[in-house]
Amino acid sequence: MSYATGRRRFLSLPAVQPGGEVSPAALAHSLASLADEILALRDATFPVHRRSAREAIRQVSAIREFLADVAPASLHRGGAAVALSELHIALQKLGNLLRDCARPGARLWVLMHSEQVSNDFRALIKSVSTALDVLPLSATDASPEVKELVRLVAEQGWKAEVGTAPADSLTARDVGSAIVHFENGIAPNPIDLERIMEQLRIRSWSDCNEEILFLEDLSSSSADVDVGEQKEAALVSSLTALMVYCRVTLFDAGDDGKSGGAKQQEATPPPRAMNQVMNLDDLRCPISYELMLDPVTIATGHTYDRASISKWFRSGSLTCPVTGEKLTDATFVPNSAVRYFVEQLYRSNSLPFPEPTSRQRNSSKSAATPPDSVAAAEATKMVAAFLVSKLASSARREQRKAASEIRKLTKSNVFNRACMVNAGAVPWLLHLLSSREASTQDDAVAALLNLSKHPSGGRAIVDAGGLGVVVDVIRVALKVESQQNAAAILFYLSSVEDCPAEIGNMPDAIPTLVELVREGTYRGKKNAVVTLFGLLLCHSNRAKMLEAGAVPALIALLPSQQRGDLASDAVAVLAKISEQPDGAAAIVGCAAGIPRLVEFFRSTGSRSGRENCTSALLSLCVHGGAEVVSSLSQMPALMPALYSLATEGSPRAGKKARSLIDRIQRLDEQGWPAMAASSVQIQ
């Protein structure tokens with residue numbers, strides 16, 4: 001399977017053949033560098049294949065002593081180049097193998113591939129011995145003691161018994177037994193699981209989570225597998241589920257002082273020294289508001305996560321999201337300084353830094369399908385049942401841990417969401433929304449947000465009477481993140497049948513959302529705006545929005561200094577509101593309404609934003625008559641933008657732009673009375 005670690009597949013051992021024209025002295029210098037890299041692993045932890053790793057490092061140590069003692073000129077004698085070339089190949093492979101075996105998070109995977117790893121160690125140790133046998137020691141000027149050391153190491157390499165240790169074999173069998181238990185719907189014995197963890201030296205929540213992240217990375221890099229690789233994919237899935245089960249049932253997120261939990265990428269506090277240099281908000285993408293794993297800087301000097309700004313440009317918005325400034329091109333450059341700070345943030349909190357490409361691939365894969373094995377599916381169901389039992393516990397600490405784990409497990413995995421809903425997590429999470437512990441409430445809200453994205457999850461929240469509780473959190477949340485996520489829950493619930501009407505019938509719901517549009521943070525405003533749009537699926541909600549003052553609040557988002565995507569969302573809601581006379585009247589009656597719509601239309605680079613703005617202006621003309629058309633005709637910047645949309649926009653946008661142009665031109669030709677008489681609805 002194509003399991004990549006950087007540019008190399010994990011447990012693959014590629015090597016570059018030295019060219020024939022390379023001198024022995026140059027080979028010796030390169031060999032010394034390879035040996036130094038390997039010897040740097042002497043203090044590394046090798047939970048599995050310890051004896052083989054130590055034997056290989058001992059061989060390399062003798063080679064390094066020889067290279068330090070011998071004069072490069074003497075290596076030109078007796079055909080040493082052949083031996084050095086073979087050593088160079090062997091040490092390249094040996095270095096890759098040792099680094100893989102010492103890699104944090106890869107212990108379980110290496111254990112379950114012990115036969116392959118043992119065969120590789122055996123072959124490489126013997127390859128080194130063969131090269132040392134061929135090396136013409138007598139022709140070199142190395143000291144007698146070093147020559148004897150090399151001969152001894154070569155001889156011992158041939159005699160060394162390299163293989164999987166009995167304890168490792170037993171642990172691998174225990175892992176296989178646990179997987180079989182899962183397949184049969186039986187929970188493994190905790191004592192057996194603890195023995196596996198101890199043998200692999202997995203002794204904390206963070207250690208266990210590190211294994212999960214590594215396995216998820218393997219899974220994400222194998223999105224497309226053929227029939228011959230399905231068994232391996234099933235093994236990855238089963239091992240991941242096993243480690244998740246162990247993390248949830250055996251370890252506490254705070255058991256080793258390392259902050260794990262569901263928010264390892266979201267709200268980890270920076271160390272004091274870093275906080276003096278850069279605020280945590282400076283490390284968040286202004287678009288996604290998540291830590292920038294792959295930061296890039298555009299022409300205006302503002303930095304964004306590569307994935308977010310690329311999506312922004314692909315949508316047709318050739319502007320800076322922060323300043324609204326128009327850009328001449330969509331180029332950007334990596335920001336290594338910000339990436340360094342983000343990496344340091346992870347490292348200082350003992351968290352592995354997730355490569356952005358693997359994270360993105362994993363999100364798309366994990367969100368799409370059930371696990372690749374029966375064992376993984378059954379283990380996930382057991383994890384869900386276990387966590388719900390902890391939610392139902394009277395112990396706050398157990399509830400807090402369960403909410404945090406559910407938040408993490410349901411972030412991007414649809415199958416996990418279904419399991420949590422089926423296990424009955426929703427009512428208990430709703431109960432935790434009233435918690436006076438900010439972190440517990442925040443985890444519960446985020447977990448419910450994840451579950452609301454699943455059809456059965458949204459229905460479960462509504463059926464459990466959760467609408468009112470969610471609205472209350474928007475009003476009195478203990479953390480601003482909880483407020484933002486609660487508004488997002490309402491957005492997803494607005495797609496549930498009959499739910500928009502239920503939300504609208506709650507006296508505080510729409511006024512609370514409108515207040516969030518006015519006073520919330522960027523994410524809070526954005527979530528509230530898109531929720532209002534969803535609630536317009538119920539026509540009676542429009543009048544309630546007008547009564548709550550939604551129109552002036554939305555128009556206030558349109559100045560050019562606002563981020564473009566938020567303004568585009570606001571225009572989409574205004575376009576929907578303007579479809580009816582009372583909505584159009586509210587927009588026209590707002591002094592800044594028409595001017596700000598025109599300014600947004602003229603300056604935005606968003607295709608959907610321009611089309612929605614055209615729809616809103618056209619509806620205002622239809623319902624507002626000649627006075628509105630006259631106002632538009634007196635704005636010279638509008639017509640060039642309309643002509644541009646009519647010729648370059650989509651067929652639908654072009655039709656609306658031409659209709660608006662016709663109305664303005666007819667005003668000039670016929671005057672107000674004729675225009676007032678010809679105000680008809682344009683479909």
# chains A, B, ... in the order shown; residues from 1 in each chain; ligands from 1

$ residues_around --residues "range 546-549 of chain A" --least-positions-apart "6" --cutoff "12 Å" --atoms "only C-alpha atoms" --output "PDB file with N, CA, C and O atoms, in the first residue's frame"
ATOM      1  N   GLY A 504     -38.411  29.527  14.254  1.00  0.00           N
ATOM      2  CA  GLY A 504     -39.026  30.847  14.131  1.00  0.00           C
ATOM      3  C   GLY A 504     -40.096  31.100  15.169  1.00  0.00           C
ATOM      4  O   GLY A 504     -40.310  32.249  15.587  1.00  0.00           O
ATOM      5  N   PRO A 507     -39.744  32.642  20.628  1.00  0.00           N
ATOM      6  CA  PRO A 507     -39.670  34.116  20.714  1.00  0.00           C
ATOM      7  C   PRO A 507     -38.253  34.672  20.673  1.00  0.00           C
ATOM      8  O   PRO A 507     -38.022  35.754  20.116  1.00  0.00           O
ATOM      9  N   ASP A 508     -37.275  33.952  21.246  1.00  0.00           N
ATOM     10  CA  ASP A 508     -35.924  34.503  21.368  1.00  0.00           C
ATOM     11  C   ASP A 508     -34.997  34.111  20.225  1.00  0.00           C
ATOM     12  O   ASP A 508     -33.899  34.672  20.110  1.00  0.00           O
ATOM     13  N   ALA A 509     -35.392  33.156  19.377  1.00  0.00           N
ATOM     14  CA  ALA A 509     -34.446  32.579  18.426  1.00  0.00           C
ATOM     15  C   ALA A 509     -33.948  33.603  17.403  1.00  0.00           C
ATOM     16  O   ALA A 509     -32.746  33.885  17.310  1.00  0.00           O
ATOM     17  N   ILE A 510     -34.850  34.160  16.609  1.00  0.00           N
ATOM     18  CA  ILE A 510     -34.423  35.091  15.557  1.00  0.00           C
ATOM     19  C   ILE A 510     -33.828  36.373  16.139  1.00  0.00           C
ATOM     20  O   ILE A 510     -32.772  36.833  15.669  1.00  0.00           O
ATOM     21  N   PRO A 511     -34.428  36.986  17.174  1.00  0.00           N
ATOM     22  CA  PRO A 511     -33.774  38.162  17.781  1.00  0.00           C
ATOM     23  C   PRO A 511     -32.362  37.860  18.289  1.00  0.00           C
ATOM     24  O   PRO A 511     -31.470  38.711  18.186  1.00  0.00           O
ATOM     25  N   THR A 512     -32.166  36.670  18.826  1.00  0.00           N
ATOM     26  CA  THR A 512     -30.829  36.303  19.316  1.00  0.00           C
ATOM     27  C   THR A 512     -29.834  36.213  18.167  1.00  0.00           C
ATOM     28  O   THR A 512     -28.687  36.669  18.278  1.00  0.00           O
ATOM     29  N   LEU A 513     -30.261  35.634  17.051  1.00  0.00           N
ATOM     30  CA  LEU A 513     -29.385  35.538  15.885  1.00  0.00           C
ATOM     31  C   LEU A 513     -29.067  36.919  15.319  1.00  0.00           C
ATOM     32  O   LEU A 513     -27.925  37.204  14.931  1.00  0.00           O
ATOM     33  N   VAL A 514     -30.066  37.786  15.276  1.00  0.00           N
ATOM     34  CA  VAL A 514     -29.841  39.142  14.763  1.00  0.00           C
ATOM     35  C   VAL A 514     -28.864  39.890  15.671  1.00  0.00           C
ATOM     36  O   VAL A 514     -27.981  40.621  15.199  1.00  0.00           O
ATOM     37  N   GLU A 515     -28.993  39.698  16.958  1.00  0.00           N
ATOM     38  CA  GLU A 515     -28.057  40.345  17.886  1.00  0.00           C
ATOM     39  C   GLU A 515     -26.634  39.822  17.677  1.00  0.00           C
ATOM     40  O   GLU A 515     -25.667  40.575  17.769  1.00  0.00           O
ATOM     41  N   LEU A 516     -26.517  38.536  17.366  1.00  0.00           N
ATOM     42  CA  LEU A 516     -25.192  37.965  17.088  1.00  0.00           C
ATOM     43  C   LEU A 516     -24.618  38.554  15.801  1.00  0.00           C
ATOM     44  O   LEU A 516     -23.407  38.780  15.704  1.00  0.00           O
ATOM     45  N   VAL A 517     -25.487  38.821  14.824  1.00  0.00           N
ATOM     46  CA  VAL A 517     -25.024  39.486  13.597  1.00  0.00           C
ATOM     47  C   VAL A 517     -24.463  40.860  13.928  1.00  0.00           C
ATOM     48  O   VAL A 517     -23.455  41.299  13.367  1.00  0.00           O
ATOM     49  N   ARG A 518     -25.071  41.539  14.868  1.00  0.00           N
ATOM     50  CA  ARG A 518     -24.626  42.894  15.224  1.00  0.00           C
ATOM     51  C   ARG A 518     -23.347  42.874  16.062  1.00  0.00           C
ATOM     52  O   ARG A 518     -22.410  43.631  15.792  1.00  0.00           O
ATOM     53  N   LEU A 532     -29.759  32.496   9.423  1.00  0.00           N
ATOM     54  CA  LEU A 532     -30.916  33.297   9.001  1.00  0.00           C
ATOM     55  C   LEU A 532     -31.340  32.924   7.586  1.00  0.00           C
ATOM     56  O   LEU A 532     -32.539  32.848   7.283  1.00  0.00           O
ATOM     57  N   LEU A 536     -35.106  31.222   6.310  1.00  0.00           N
ATOM     58  CA  LEU A 536     -36.000  31.807   5.312  1.00  0.00           C
ATOM     59  C   LEU A 536     -36.693  30.748   4.461  1.00  0.00           C
ATOM     60  O   LEU A 536     -37.554  31.084   3.642  1.00  0.00           O
ATOM     61  N   SER A 540     -42.834  32.494   6.835  1.00  0.00           N
ATOM     62  CA  SER A 540     -43.300  33.333   7.947  1.00  0.00           C
ATOM     63  C   SER A 540     -42.142  33.916   8.748  1.00  0.00           C
ATOM     64  O   SER A 540     -42.326  34.891   9.495  1.00  0.00           O
ATOM     65  N   ILE A 555     -27.076  44.948   6.487  1.00  0.00           N
ATOM     66  CA  ILE A 555     -26.496  46.019   5.657  1.00  0.00           C
ATOM     67  C   ILE A 555     -25.206  46.541   6.291  1.00  0.00           C
ATOM     68  O   ILE A 555     -24.267  46.938   5.585  1.00  0.00           O
ATOM     69  N   ALA A 556     -25.124  46.508   7.623  1.00  0.00           N
ATOM     70  CA  ALA A 556     -23.914  46.975   8.308  1.00  0.00           C
ATOM     71  C   ALA A 556     -22.699  46.107   7.992  1.00  0.00           C
ATOM     72  O   ALA A 556     -21.563  46.525   8.220  1.00  0.00           O
ATOM     73  N   VAL A 573     -28.754  36.784   2.003  1.00  0.00           N
ATOM     74  CA  VAL A 573     -29.947  36.886   2.849  1.00  0.00           C
ATOM     75  C   VAL A 573     -30.794  38.092   2.430  1.00  0.00           C
ATOM     76  O   VAL A 573     -32.026  38.001   2.339  1.00  0.00           O
ATOM     77  N   LEU A 574     -30.154  39.221   2.158  1.00  0.00           N
ATOM     78  CA  LEU A 574     -30.896  40.410   1.726  1.00  0.00           C
ATOM     79  C   LEU A 574     -31.623  40.165   0.406  1.00  0.00           C
ATOM     80  O   LEU A 574     -32.756  40.635   0.208  1.00  0.00           O
ATOM     81  N   ILE A 577     -34.692  38.224   1.278  1.00  0.00           N
ATOM     82  CA  ILE A 577     -35.672  39.078   1.952  1.00  0.00           C
ATOM     83  C   ILE A 577     -36.356  40.022   0.964  1.00  0.00           C
ATOM     84  O   ILE A 577     -37.562  40.293   1.052  1.00  0.00           O
ATOM     85  N   SER A 578     -35.597  40.522  -0.011  1.00  0.00           N
ATOM     86  CA  SER A 578     -36.123  41.530  -0.944  1.00  0.00           C
ATOM     87  C   SER A 578     -37.120  40.965  -1.947  1.00  0.00           C
ATOM     88  O   SER A 578     -37.732  41.725  -2.698  1.00  0.00           O
ATOM     89  N   GLN A 580     -39.964  39.823  -1.447  1.00  0.00           N
ATOM     90  CA  GLN A 580     -41.328  40.223  -1.105  1.00  0.00           C
ATOM     91  C   GLN A 580     -41.377  41.719  -0.807  1.00  0.00           C
ATOM     92  O   GLN A 580     -40.377  42.309  -0.384  1.00  0.00           O
ATOM     93  N   PRO A 581     -42.548  42.356  -1.045  1.00  0.00           N
ATOM     94  CA  PRO A 581     -42.652  43.819  -0.897  1.00  0.00           C
ATOM     95  C   PRO A 581     -42.222  44.342   0.468  1.00  0.00           C
ATOM     96  O   PRO A 581     -41.553  45.375   0.556  1.00  0.00           O
ATOM     97  N   ASP A 582     -42.615  43.636   1.560  1.00  0.00           N
ATOM     98  CA  ASP A 582     -42.258  44.161   2.880  1.00  0.00           C
ATOM     99  C   ASP A 582     -40.756  44.116   3.100  1.00  0.00           C
ATOM    100  O   ASP A 582     -40.167  45.028   3.707  1.00  0.00           O
ATOM    101  N   GLY A 583     -40.107  43.075   2.580  1.00  0.00           N
ATOM    102  CA  GLY A 583     -38.658  42.992   2.704  1.00  0.00           C
ATOM    103  C   GLY A 583     -37.961  44.056   1.893  1.00  0.00           C
ATOM    104  O   GLY A 583     -37.008  44.708   2.354  1.00  0.00           O
ATOM    105  N   ALA A 584     -38.423  44.265   0.650  1.00  0.00           N
ATOM    106  CA  ALA A 584     -37.834  45.298  -0.197  1.00  0.00           C
ATOM    107  C   ALA A 584     -38.014  46.671   0.437  1.00  0.00           C
ATOM    108  O   ALA A 584     -37.092  47.509   0.413  1.00  0.00           O
ATOM    109  N   ALA A 585     -39.188  46.922   1.019  1.00  0.00           N
ATOM    110  CA  ALA A 585     -39.443  48.215   1.653  1.00  0.00           C
ATOM    111  C   ALA A 585     -38.490  48.453   2.820  1.00  0.00           C
ATOM    112  O   ALA A 585     -38.018  49.579   3.036  1.00  0.00           O
ATOM    113  N   ALA A 586     -38.191  47.394   3.573  1.00  0.00           N
ATOM    114  CA  ALA A 586     -37.273  47.542   4.710  1.00  0.00           C
ATOM    115  C   ALA A 586     -35.870  47.911   4.236  1.00  0.00           C
ATOM    116  O   ALA A 586     -35.182  48.725   4.869  1.00  0.00           O
ATOM    117  N   ILE A 587     -35.445  47.329   3.120  1.00  0.00           N
ATOM    118  CA  ILE A 587     -34.110  47.640   2.596  1.00  0.00           C
ATOM    119  C   ILE A 587     -34.066  49.057   2.040  1.00  0.00           C
ATOM    120  O   ILE A 587     -33.129  49.820   2.301  1.00  0.00           O
ATOM    121  N   GLY A 589     -35.963  51.467   2.874  1.00  0.00           N
ATOM    122  CA  GLY A 589     -36.135  52.401   3.980  1.00  0.00           C
ATOM    123  C   GLY A 589     -34.891  52.591   4.819  1.00  0.00           C
ATOM    124  O   GLY A 589     -34.815  53.537   5.610  1.00  0.00           O
ATOM    125  N   CYS A 590     -33.932  51.710   4.670  1.00  0.00           N
ATOM    126  CA  CYS A 590     -32.660  51.856   5.382  1.00  0.00           C
ATOM    127  C   CYS A 590     -31.772  52.805   4.581  1.00  0.00           C
ATOM    128  O   CYS A 590     -31.460  52.548   3.415  1.00  0.00           O
TER     129      CYS A 590
END

$ select_by_dssp --residues "range 511-671 of chain A" --states "alpha helix (DSSP H)" --output "PyMOL selection string"
chain A and resi 511-519+522-535+540-547+550-555+564-577+581-589+593-603+607-624+626-633+638-648+651-670

$ residues_around --residues "His302 in chain A" --least-positions-apart "5" --cutoff "10 Å" --atoms "only C-alpha atoms" --output "list of chain:residue names"
A:Cys285, A:Pro286, A:Val296, A:Thr297, A:Cys320, A:Pro321, A:Val322, A:Thr323, A:Phe332

$ closest_residue --among "A:Asn416, A:Asn96, A:Ser633, A:Thr303" --to "Cys621 in chain A" --atoms "only C-alpha atoms"
A:Ser633

$ atom_distance --atom1 "CA of Pro595 in chain A" --atom2 "CA of Glu611 in chain A"
16.7 Å

$ closest_residue --among "A:Lys126, A:Lys93, A:Arg203, A:Arg407" --to "Ala446 in chain A" --atoms "only C-alpha atoms"
A:Arg407

$ closest_residue --among "A:Leu493, A:Leu75, A:Ala25, A:Leu451" --to "Val414 in chain A" --atoms "only C-alpha atoms"
A:Leu451

$ residues_around --residues "range 21-24 of chain A" --least-positions-apart "3" --cutoff "9 Å" --atoms "only C-alpha atoms" --output "PyMOL selection string"
chain A and resi 18+27-29+72-73+75-76+80-82+84-85

$ write_last_selection --atoms "C-alpha atoms" --output "PDB file, in the first residue's frame"
ATOM      1  CA  PRO A  18      26.558   5.669  -6.050  1.00  0.00           C
ATOM      2  CA  LEU A  27      32.190   7.804  -0.788  1.00  0.00           C
ATOM      3  CA  ALA A  28      33.906   7.642   2.583  1.00  0.00           C
ATOM      4  CA  HIS A  29      32.854  11.214   3.380  1.00  0.00           C
ATOM      5  CA  PRO A  72      41.167   8.832   2.483  1.00  0.00           C
ATOM      6  CA  ALA A  73      44.169   8.333   0.217  1.00  0.00           C
ATOM      7  CA  LEU A  75      41.069   3.870   0.251  1.00  0.00           C
ATOM      8  CA  HIS A  76      42.159   4.112  -3.384  1.00  0.00           C
ATOM      9  CA  ALA A  80      37.906  -0.476  -1.654  1.00  0.00           C
ATOM     10  CA  ALA A  81      35.445   1.451  -3.825  1.00  0.00           C
ATOM     11  CA  VAL A  82      33.276  -1.640  -4.372  1.00  0.00           C
ATOM     12  CA  LEU A  84      32.315   1.310   0.154  1.00  0.00           C
ATOM     13  CA  SER A  85      29.610   1.487  -2.508  1.00  0.00           C
TER      14      SER A  85
END
